[in-house]
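> mmCIF, C-alpha atoms and all ligand atoms, file data_19.cif:
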data_upload
loop_
_atom_site.label_atom_id
_atom_site.label_comp_id
_atom_site.auth_asym_id
_atom_site.auth_seq_id
_atom_site.Cartn_x
_atom_site.Cartn_y
_atom_site.Cartn_z
CA MET F 1 -7.07 -17.85 -7.14
CA PRO F 2 -4.76 -19.78 -4.80
CA ILE F 3 -4.75 -18.44 -1.29
CA SER F 4 -1.94 -18.82 1.25
CA ARG F 5 -3.48 -19.21 4.65
CA GLU F 6 -0.33 -19.56 6.68
CA PRO F 7 1.46 -16.44 7.73
CA ILE F 8 4.69 -16.60 5.80
CA GLY F 9 7.88 -15.54 7.43
CA GLY F 10 11.52 -15.42 6.50
CA SER F 11 12.04 -19.19 6.43
CA CYS F 12 14.32 -20.36 3.66
CA GLU F 13 13.57 -24.08 3.83
CA ALA F 14 11.42 -24.17 0.75
CA GLY F 15 13.25 -21.44 -1.10
CA THR F 16 16.02 -21.81 -3.60
CA VAL F 17 19.61 -20.97 -2.77
CA GLU F 18 19.17 -17.85 -4.87
CA ARG F 19 16.33 -16.60 -2.72
CA CYS F 20 18.04 -17.48 0.52
CA ARG F 21 21.02 -15.31 -0.06
CA SER F 22 19.19 -12.35 1.32
CA SER F 23 16.59 -11.65 3.94
CA VAL F 24 15.00 -8.80 2.00
CA VAL F 25 11.25 -9.22 1.51
CA GLY F 26 9.38 -6.69 -0.58
CA ARG F 27 5.74 -6.66 -1.55
CA LEU F 28 3.32 -5.60 -4.23
CA ALA F 29 -0.08 -4.71 -2.77
CA PRO F 30 -2.62 -3.79 -5.42
CA SER F 31 -6.14 -2.83 -4.35
CA PRO F 32 -8.73 -4.45 -6.60
CA THR F 33 -10.85 -1.31 -6.43
CA GLY F 34 -10.10 -0.28 -10.00
CA ALA F 35 -7.75 -0.77 -12.90
CA GLN F 36 -3.96 -0.53 -12.53
CA HIS F 37 -2.50 2.35 -14.46
CA VAL F 38 0.89 3.77 -15.39
CA GLY F 39 1.35 5.27 -11.92
CA ASN F 40 0.86 1.91 -10.23
CA ALA F 41 3.25 0.31 -12.70
CA ARG F 42 6.05 2.70 -11.79
CA THR F 43 5.69 2.03 -8.06
CA TYR F 44 5.50 -1.75 -8.60
CA LEU F 45 8.58 -1.65 -10.81
CA ILE F 46 10.57 0.23 -8.16
CA ALA F 47 9.37 -2.08 -5.36
CA TRP F 48 10.11 -5.21 -7.39
CA LEU F 49 13.56 -4.08 -8.49
CA SER F 50 14.49 -2.98 -4.99
CA ALA F 51 13.84 -6.50 -3.69
CA ARG F 52 15.21 -8.37 -6.70
CA SER F 53 18.40 -6.31 -6.90
CA ARG F 54 19.27 -7.66 -3.45
CA SER F 55 18.11 -11.23 -4.24
CA GLY F 56 15.07 -10.60 -2.07
CA ARG F 57 11.68 -12.27 -2.14
CA VAL F 58 8.52 -10.60 -3.39
CA VAL F 59 5.10 -11.11 -1.83
CA LEU F 60 1.97 -10.34 -3.80
CA ARG F 61 -0.99 -9.34 -1.69
CA ILE F 62 -4.37 -8.36 -3.05
CA GLU F 63 -5.86 -5.78 -0.69
CA ASP F 64 -9.44 -6.92 -0.99
CA ILE F 65 -10.81 -5.85 2.38
CA ASP F 66 -11.81 -2.51 0.95
CA SER F 67 -15.35 -3.61 0.17
CA PRO F 68 -17.72 -2.38 -1.15
CA ARG F 69 -15.29 -0.61 -3.44
CA VAL F 70 -13.74 -3.90 -4.64
CA LYS F 71 -14.60 -4.38 -8.32
CA PRO F 72 -15.30 -7.83 -9.73
CA GLY F 73 -12.47 -8.97 -11.95
CA ALA F 74 -10.05 -6.25 -10.81
CA ALA F 75 -7.83 -8.69 -8.86
CA GLU F 76 -7.44 -10.99 -11.87
CA GLN F 77 -6.76 -7.96 -14.02
CA ALA F 78 -4.04 -6.76 -11.63
CA LEU F 79 -2.33 -10.16 -11.82
CA GLU F 80 -2.46 -10.04 -15.58
CA ASP F 81 -1.01 -6.52 -15.56
CA LEU F 82 1.88 -7.59 -13.32
CA ARG F 83 2.62 -10.63 -15.47
CA TRP F 84 2.55 -8.46 -18.57
CA LEU F 85 5.01 -6.07 -16.92
CA GLY F 86 7.28 -9.05 -16.19
CA LEU F 87 7.08 -8.59 -12.41
CA ASP F 88 6.93 -11.96 -10.68
CA TRP F 89 6.45 -12.96 -7.07
CA ASP F 90 7.45 -15.78 -4.74
CA ASP F 91 4.46 -15.81 -2.40
CA GLY F 92 0.83 -15.19 -3.16
CA PRO F 93 -1.40 -13.90 -4.42
CA ILE F 94 -2.58 -13.64 -0.84
CA LEU F 95 -6.08 -12.32 -0.31
CA GLN F 96 -7.01 -10.47 2.85
CA THR F 97 -10.61 -11.54 3.25
CA PRO F 98 -9.72 -15.08 4.45
CA ARG F 99 -7.35 -13.59 7.02
CA LEU F 100 -10.03 -11.92 9.13
CA PRO F 101 -9.16 -13.94 12.28
CA LEU F 102 -5.64 -12.49 12.23
CA TYR F 103 -6.92 -8.94 12.09
CA GLN F 104 -9.48 -9.75 14.76
CA ALA F 105 -6.72 -11.05 17.04
CA ALA F 106 -4.78 -7.82 16.57
CA LEU F 107 -7.87 -5.77 17.37
CA ASP F 108 -8.42 -7.80 20.53
CA LYS F 109 -4.88 -6.99 21.65
CA LEU F 110 -5.49 -3.31 21.07
CA LYS F 111 -8.74 -3.49 23.04
CA ALA F 112 -7.05 -5.26 25.94
CA ALA F 113 -4.43 -2.51 26.06
CA GLU F 114 -7.11 0.26 25.81
CA ARG F 115 -5.42 1.55 22.68
CA VAL F 116 -8.75 1.61 20.83
CA TYR F 117 -12.20 2.88 21.71
CA PRO F 118 -15.62 2.46 20.11
CA CYS F 119 -16.52 5.45 17.97
CA THR F 120 -20.11 6.18 16.94
CA CYS F 121 -19.39 9.17 14.73
CA THR F 122 -21.13 9.42 11.40
CA ARG F 123 -20.64 6.84 8.80
CA ALA F 124 -19.26 9.33 6.30
CA ASP F 125 -16.48 10.30 8.75
CA ILE F 126 -15.58 6.73 9.33
CA GLU F 127 -15.70 5.55 5.74
CA ARG F 128 -13.41 8.34 4.69
CA ALA F 129 -10.84 7.23 7.20
CA ALA F 130 -11.17 3.54 6.50
CA SER F 131 -9.38 2.85 3.22
CA ALA F 132 -5.87 3.76 2.15
CA PRO F 133 -6.02 7.52 2.67
CA HIS F 134 -4.45 8.93 -0.44
CA LEU F 135 -3.81 12.54 0.44
CA ASP F 136 -6.59 14.08 -1.58
CA HIS F 137 -9.20 12.06 0.36
CA GLU F 138 -7.91 12.81 3.81
CA GLY F 139 -10.34 14.57 6.13
CA PRO F 140 -9.54 16.82 9.10
CA PRO F 141 -8.06 15.14 12.19
CA TYR F 142 -10.61 13.38 14.33
CA PRO F 143 -11.82 15.78 17.04
CA GLY F 144 -11.82 13.15 19.79
CA THR F 145 -15.60 13.08 20.24
CA CYS F 146 -15.66 9.46 21.43
CA ALA F 147 -12.22 9.30 23.04
CA HIS F 148 -13.70 9.28 26.57
CA ARG F 149 -15.01 5.75 25.98
CA ARG F 150 -13.33 2.59 27.23
CA ALA F 151 -13.14 -0.58 25.19
CA ALA F 152 -15.72 -2.21 27.48
CA ASP F 153 -18.30 0.44 26.52
CA ALA F 154 -18.70 -1.46 23.27
CA ALA F 155 -20.93 -3.97 25.09
CA VAL F 156 -23.49 -1.28 25.94
CA LEU F 157 -23.47 0.07 22.40
CA GLU F 158 -24.00 -3.43 21.06
CA ARG F 159 -26.92 -4.04 23.40
CA THR F 160 -28.61 -0.85 22.28
CA GLY F 161 -27.98 -1.64 18.63
CA GLN F 162 -25.66 1.28 17.94
CA ARG F 163 -23.14 0.97 15.17
CA PHE F 164 -19.58 1.82 15.98
CA ALA F 165 -16.07 1.64 14.60
CA TRP F 166 -12.89 1.09 16.59
CA ARG F 167 -10.59 4.04 16.71
CA PHE F 168 -6.93 4.00 17.72
CA ARG F 169 -5.72 6.46 20.36
CA SER F 170 -2.94 8.19 18.54
CA GLU F 171 -0.02 9.86 20.20
CA PRO F 172 -0.09 13.58 19.46
CA GLY F 173 1.71 14.68 16.27
CA PRO F 174 3.86 15.87 14.62
CA PHE F 175 5.66 12.60 13.87
CA ARG F 176 9.08 12.03 12.48
CA PHE F 177 10.34 8.94 10.71
CA GLU F 178 13.26 7.98 8.53
CA ASP F 179 12.31 7.18 4.93
CA ALA F 180 14.65 5.21 2.67
CA PHE F 181 14.00 7.58 -0.23
CA LEU F 182 12.87 10.87 1.36
CA GLY F 183 15.22 10.85 4.33
CA ALA F 184 13.90 12.44 7.54
CA VAL F 185 10.16 13.02 7.15
CA THR F 186 7.92 15.06 9.43
CA VAL F 187 4.17 14.50 9.30
CA PRO F 188 2.41 17.56 10.73
CA ALA F 189 -0.15 17.24 13.50
CA GLU F 190 -2.95 18.29 11.12
CA LEU F 191 -2.52 14.99 9.31
CA CYS F 192 -2.52 12.89 12.47
CA GLY F 193 -5.17 12.21 15.10
CA ASP F 194 -7.09 9.14 16.22
CA PHE F 195 -7.79 6.86 13.28
CA VAL F 196 -10.13 4.00 12.47
CA VAL F 197 -8.71 0.48 12.65
CA TRP F 198 -11.99 -1.40 12.41
CA LYS F 199 -14.98 -0.32 10.38
CA SER F 200 -18.53 -0.37 11.70
CA ALA F 201 -19.27 -2.86 8.93
CA GLY F 202 -17.25 -5.35 10.96
CA THR F 203 -14.11 -5.47 8.85
CA PRO F 204 -10.60 -4.16 9.45
CA ALA F 205 -9.57 -0.80 8.06
CA TYR F 206 -6.57 -0.48 5.78
CA GLN F 207 -4.22 0.75 8.53
CA LEU F 208 -4.65 -2.34 10.68
CA ALA F 209 -4.77 -4.92 7.88
CA VAL F 210 -1.63 -3.59 6.22
CA VAL F 211 0.38 -3.75 9.45
CA VAL F 212 -0.82 -7.21 10.42
CA ASP F 213 -0.12 -8.49 6.92
CA ASP F 214 3.26 -6.90 6.36
CA ALA F 215 4.41 -8.21 9.74
CA ALA F 216 2.99 -11.72 9.22
CA MET F 217 4.49 -11.95 5.75
CA GLY F 218 7.92 -10.95 7.00
CA VAL F 219 7.99 -7.86 4.79
CA THR F 220 11.19 -5.93 5.46
CA GLU F 221 10.60 -3.11 3.00
CA VAL F 222 7.45 -1.22 2.05
CA ILE F 223 7.78 0.80 -1.13
CA ARG F 224 4.70 2.80 -2.11
CA GLY F 225 3.50 6.13 -3.43
CA ASP F 226 4.31 9.19 -1.35
CA ASP F 227 0.63 10.04 -0.97
CA LEU F 228 0.71 7.38 1.77
CA VAL F 229 3.33 9.21 3.84
CA PRO F 230 0.70 10.38 6.38
CA SER F 231 -0.26 6.74 6.96
CA THR F 232 3.21 5.76 8.07
CA PRO F 233 3.13 7.31 11.58
CA ARG F 234 -0.18 5.53 12.12
CA GLN F 235 1.27 2.25 11.03
CA LEU F 236 4.41 2.76 13.10
CA GLN F 237 2.23 3.30 16.16
CA LEU F 238 0.35 0.09 15.39
CA TYR F 239 3.63 -1.81 15.06
CA ARG F 240 4.61 -0.55 18.50
CA ALA F 241 1.24 -1.21 20.09
CA LEU F 242 1.23 -4.77 18.72
CA ALA F 243 4.92 -5.38 19.55
CA LEU F 244 5.75 -6.07 15.89
CA THR F 245 8.92 -5.16 14.01
CA PRO F 246 8.30 -2.43 11.42
CA PRO F 247 9.72 -2.64 7.89
CA ARG F 248 11.84 0.00 6.23
CA PHE F 249 9.49 2.55 4.64
CA CYS F 250 10.22 4.07 1.28
CA HIS F 251 7.85 6.52 -0.38
CA VAL F 252 8.38 7.35 -4.01
CA PRO F 253 6.91 10.20 -6.05
CA LEU F 254 3.64 9.67 -7.85
CA VAL F 255 2.92 9.93 -11.52
CA VAL F 256 0.80 13.01 -12.23
CA GLY F 257 -0.99 14.43 -15.25
CA PRO F 258 0.05 17.65 -17.00
CA ASP F 259 -2.08 19.56 -14.46
CA GLY F 260 0.08 18.26 -11.62
CA ARG F 261 -2.70 16.14 -10.15
CA ARG F 262 -2.40 12.46 -9.36
CA LEU F 263 -2.83 10.39 -12.51
CA ALA F 264 -6.52 9.55 -12.91
CA LYS F 265 -9.30 9.13 -15.44
CA ARG F 266 -9.40 12.85 -16.18
CA HIS F 267 -5.96 12.47 -17.78
CA GLY F 268 -7.18 10.00 -20.35
CA ASP F 269 -6.95 6.28 -20.34
CA THR F 270 -3.64 5.19 -18.82
CA ARG F 271 -4.88 1.79 -17.72
CA LEU F 272 -2.30 -0.89 -18.36
CA SER F 273 -4.95 -3.10 -19.93
CA THR F 274 -5.74 -0.33 -22.43
CA LEU F 275 -2.08 0.19 -23.34
CA ARG F 276 -1.74 -3.56 -23.82
CA GLN F 277 -4.80 -3.70 -26.07
CA ALA F 278 -3.49 -0.76 -28.05
CA GLY F 279 -0.40 -2.81 -28.86
CA VAL F 280 2.04 -1.05 -26.53
CA ARG F 281 4.74 -3.52 -25.51
CA ALA F 282 5.54 -3.89 -21.83
CA GLU F 283 9.22 -3.32 -22.66
CA GLU F 284 8.39 0.10 -24.08
CA LEU F 285 6.54 1.14 -20.95
CA ILE F 286 9.26 -0.31 -18.69
CA GLY F 287 11.92 1.53 -20.71
CA TYR F 288 10.01 4.78 -20.40
CA LEU F 289 9.63 4.30 -16.64
CA ALA F 290 13.28 3.25 -16.25
CA HIS F 291 14.37 6.41 -18.03
CA SER F 292 12.12 8.44 -15.71
CA CYS F 293 13.91 6.82 -12.76
CA GLY F 294 17.36 7.63 -14.10
CA TRP F 295 18.36 4.05 -14.98
CA LEU F 296 18.53 4.58 -18.75
CA ASP F 297 19.93 7.63 -20.50
CA ARG F 298 17.08 7.53 -23.00
CA PRO F 299 13.81 5.61 -23.17
CA ARG F 300 14.31 2.33 -25.01
CA PRO F 301 12.58 -1.04 -24.79
CA ILE F 302 13.93 -3.16 -21.95
CA SER F 303 12.58 -5.85 -19.65
CA ALA F 304 12.15 -5.49 -15.90
CA ARG F 305 14.63 -8.32 -15.37
CA GLU F 306 17.33 -6.56 -17.42
CA LEU F 307 16.98 -3.57 -15.13
CA ILE F 308 17.95 -5.48 -11.99
CA PRO F 309 21.66 -4.51 -12.17
CA ARG F 310 20.75 -0.90 -13.02
CA PHE F 311 18.40 -0.30 -10.10
CA ASP F 312 19.30 2.62 -7.88
CA LEU F 313 16.89 4.36 -5.55
CA ARG F 314 19.06 7.46 -5.44
CA THR F 315 18.70 8.34 -9.13
CA ILE F 316 14.90 8.63 -8.93
CA PRO F 317 13.93 12.31 -9.19
CA ARG F 318 12.25 13.77 -6.14
CA GLN F 319 9.50 15.46 -8.10
CA PRO F 320 6.50 13.59 -9.51
CA LEU F 321 6.71 12.16 -12.99
CA VAL F 322 4.50 14.16 -15.36
CA PHE F 323 2.93 11.72 -17.75
CA THR F 324 2.22 13.19 -21.17
CA GLU F 325 2.58 10.16 -23.48
CA ARG F 326 -0.32 9.52 -25.80
CA TRP F 327 0.03 5.74 -25.78
CA GLY F 328 -3.19 3.95 -26.29
CA ALA F 329 -4.99 7.14 -27.32
CA ALA F 330 -7.21 6.62 -30.30
N1 LIG F 401 -3.30 -1.25 -1.64
C1 LIG F 401 -2.87 0.08 -1.36
C2 LIG F 401 -3.16 0.99 -2.53
O1 LIG F 401 -3.17 0.58 -3.64
C3 LIG F 401 -1.39 0.13 -1.08
C4 LIG F 401 -1.16 0.32 0.33
C5 LIG F 401 0.29 0.22 0.74
O2 LIG F 401 1.15 0.07 -0.14
O3 LIG F 401 0.52 0.25 1.92
O4 LIG F 401 -3.39 2.13 -2.32
ZN ZN F 402 -16.60 9.07 17.40
#
What would you get if you wrote out this structure as structure tokens?

Amino acid sequence: MPISREPIGGSCEAGTVERCRSSVVGRLAPSPTGAQHVGNARTYLIAWLSARSRSGRVVLRIEDIDSPRVKPGAAEQALEDLRWLGLDWDDGPILQTPRLPLYQAALDKLKAAERVYPCTCTRADIERAASAPHLDHEGPPYPGTCAHRRAADAAVLERTGQRFAWRFRSEPGPFRFEDAFLGAVTVPAELCGDFVVWKSAGTPAYQLAVVVDDAAMGVTEVIRGDDLVPSTPRQLQLYRALALTPPRFCHVPLVVGPDGRRLAKRHGDTRLSTLRQAGVRAEELIGYLAHSCGWLDRPRPISARELIPRFDLRTIPRQPLVFTERWGAA
């Protein structure tokens, strides 16, 4: 898989006239921790159309720092899924693992500013906080057990062989931010608290990597599932602490099963690869999703590209999409 090592910014030199007309940069950021399903497809479609409808660029980033949950072959599968959907990109795929020095540099800045402290709390606590915290996995706010430490205390812990993570000193919640889809959002204090930016395993946590990457890649707009709303105040604090310019955030409703829970295995096989193998055409799925977003008056086969002039964030219903199709079912 080709890897871009250089941070890519908004430079137009190498771009076509078409791409240069706008400074919008969106991104697709699959985690290769499992298969991409119908829910992912809807979010990617919205993110892609939002950028393309304003002649923006699209960055594809594979969020592969989430080891050991990364599954062999899942990154390649995600690329195949996106190609099948007809969603293309201008930059990438960019992997995170070769970018460790960038994350390390950001961590060093946070240490120098005493915005992080070494945290020796149990591994289970830390692991839970370390990957993209989709709401159902979120634990209680960190009680501040290790907050008395200074960054320099890490040296002592290292000497005595103690494992520790780096935790960011959060401002107290609640937090408010302006979301391009949801409008004014308030994240309650119960969902805030000091959070892990560097795992005891020696790798960056999702919150830090995503901020460093989105900033380095010149991303101007982050469109993702609304289960990540509680992450946004954390990321906004990191942008501030690192003196980086934040993107516009836009959280869209998830796809859920008939029981109202986030689409998952229990709802049957909605993996894109399974639909593909079952002979479902990408245009059928795209048409179904476009209808669910209010861009078609009835579901009918259509390509992602044909939807560009029809894209409108405002027609997307505020409630989750309940997925009941039996595509791909035997
Ligand atoms: N890779 C993350 C996920 O699939 C997305 C994180 C983000 O969009 O910020 O959950
Ligand atoms: Zn601790």
> Taking only C-alpha atoms and all ligand atoms and a cut-off of 6 Å, can you tell me which residues surround ligand LIG 401 (chain F), written as number ranges by chain?
F: 29-31, 63, 132, 224
> Using all atoms listed in the file, can you tell me which of F:Arg69, F:Arg54, F:Arg159, F:Lys199 comes closest to F:Ser23?
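So, comparing all the options, the nearest one is F:Arg54.
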> Can you pull out every residue with an atom within 12 Å of ligand ZN 402 (chain F)? Use all atoms listed in the file and format it as a PyMOL selection string.
chain F and resi 116-126+129+141-149+162-169+194-196+199-200
> Separation of atom CA of F:Ala152 and atom CA of F:Leu110, in Å?
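These two atoms are separated by 12.1 Å.
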> Hey, can you pull every residue with an atom no more than 12 Å from (-1.9, -1.8, -25.9), using only C-alpha atoms, and send it as a list in words?
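Protein, DNA and RNA residues close to (-1.9, -1.8, -25.9): Asp81, Trp84, Asp269, Thr270, Arg271, Leu272, Ser273, Thr274, Leu275, Arg276, Gln277, Ala278, Gly279, Val280, Arg281, Ala282, Glu283, Glu284, Leu285, Arg326, Trp327, Gly328, Ala329 and Ala330 of chain F.
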> Skipping near chain neighbours, those fewer than 3 positions away, what residues fall within 10 Å of F:Gln319 using all atoms listed in the file, listed as a ChimeraX atom specification?
/F:252-256,316,322
> Can you work out the spacing between atom CA of F:Arg61 and atom CA of F:Thr186 in Å, to one decimal?
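The value is 28.3 Å.
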> List as a ChimeraX atom specification the protein and nucleic acid residues near F:Arg57, meaning an atom at most 7 Å away when all atoms listed in the file are counted, but skip any in the same chain fewer than 2 places from it.
/F:19,24-26,51-52,55,59,90
> Have a look at atom CA of F:Gly92 and atom CA of F:Leu60 and let me know their distance in Å, one decimal.
5.0 Å
> Hey, which bits of stretch 74-191 of chain F sit within 12 Å of stretch 207-221 of chain F, and for each residue what's the closest pair of atoms and how far apart in Å (one decimal), counting all atoms listed in the file, rows by chain and increasing number, as a tab-separated table?

residue	atom	partner	partner_atom	distance
F:Asp90	CA	F:Met217	CA	11.6
F:Asp91	CA	F:Met217	CA	9.0
F:Gly92	CA	F:Met217	CA	10.2
F:Pro93	CA	F:Met217	CA	11.9
F:Ile94	CA	F:Asp213	CA	9.6
F:Leu95	CA	F:Asp213	CA	10.1
F:Gln96	CA	F:Ala209	CA	7.8
F:Thr97	CA	F:Ala209	CA	10.0
F:Pro98	CA	F:Ala209	CA	11.8
F:Arg99	CA	F:Asp213	CA	8.8
F:Leu100	CA	F:Ala209	CA	8.8
F:Pro101	CA	F:Val212	CA	10.9
F:Leu102	CA	F:Val212	CA	7.4
F:Tyr103	CA	F:Ala209	CA	6.2
F:Gln104	CA	F:Ala209	CA	9.6
F:Ala105	CA	F:Val212	CA	9.7
F:Ala106	CA	F:Val212	CA	7.3
F:Leu107	CA	F:Leu208	CA	8.2
F:Asp108	CA	F:Leu208	CA	11.9
F:Lys109	CA	F:Leu208	CA	11.9
F:Leu110	CA	F:Leu208	CA	10.5
F:Val116	CA	F:Leu208	CA	11.6
F:Ala129	CA	F:Gln207	CA	9.4
F:Ala130	CA	F:Gln207	CA	7.8
F:Ser131	CA	F:Gln207	CA	7.7
F:Ala132	CA	F:Gln207	CA	7.2
F:Pro133	CA	F:Gln207	CA	9.1
F:Trp166	CA	F:Leu208	CA	10.7
F:Arg167	CA	F:Leu208	CA	10.6
F:Phe168	CA	F:Leu208	CA	9.7
F:Asp179	CA	F:Glu221	CA	10.6
F:Ala180	CA	F:Glu221	CA	9.3
F:Phe181	CA	F:Glu221	CA	11.7
> Around stretch 40-43 of chain F, with edges along x, y and z and 3 Å added on all six sides, what centre and edge lengths do you get, in Å to one decimal, as JSON?

{"center_x": 3.5, "center_y": 1.5, "center_z": -10.4, "size_x": 11.2, "size_y": 8.4, "size_z": 10.6}
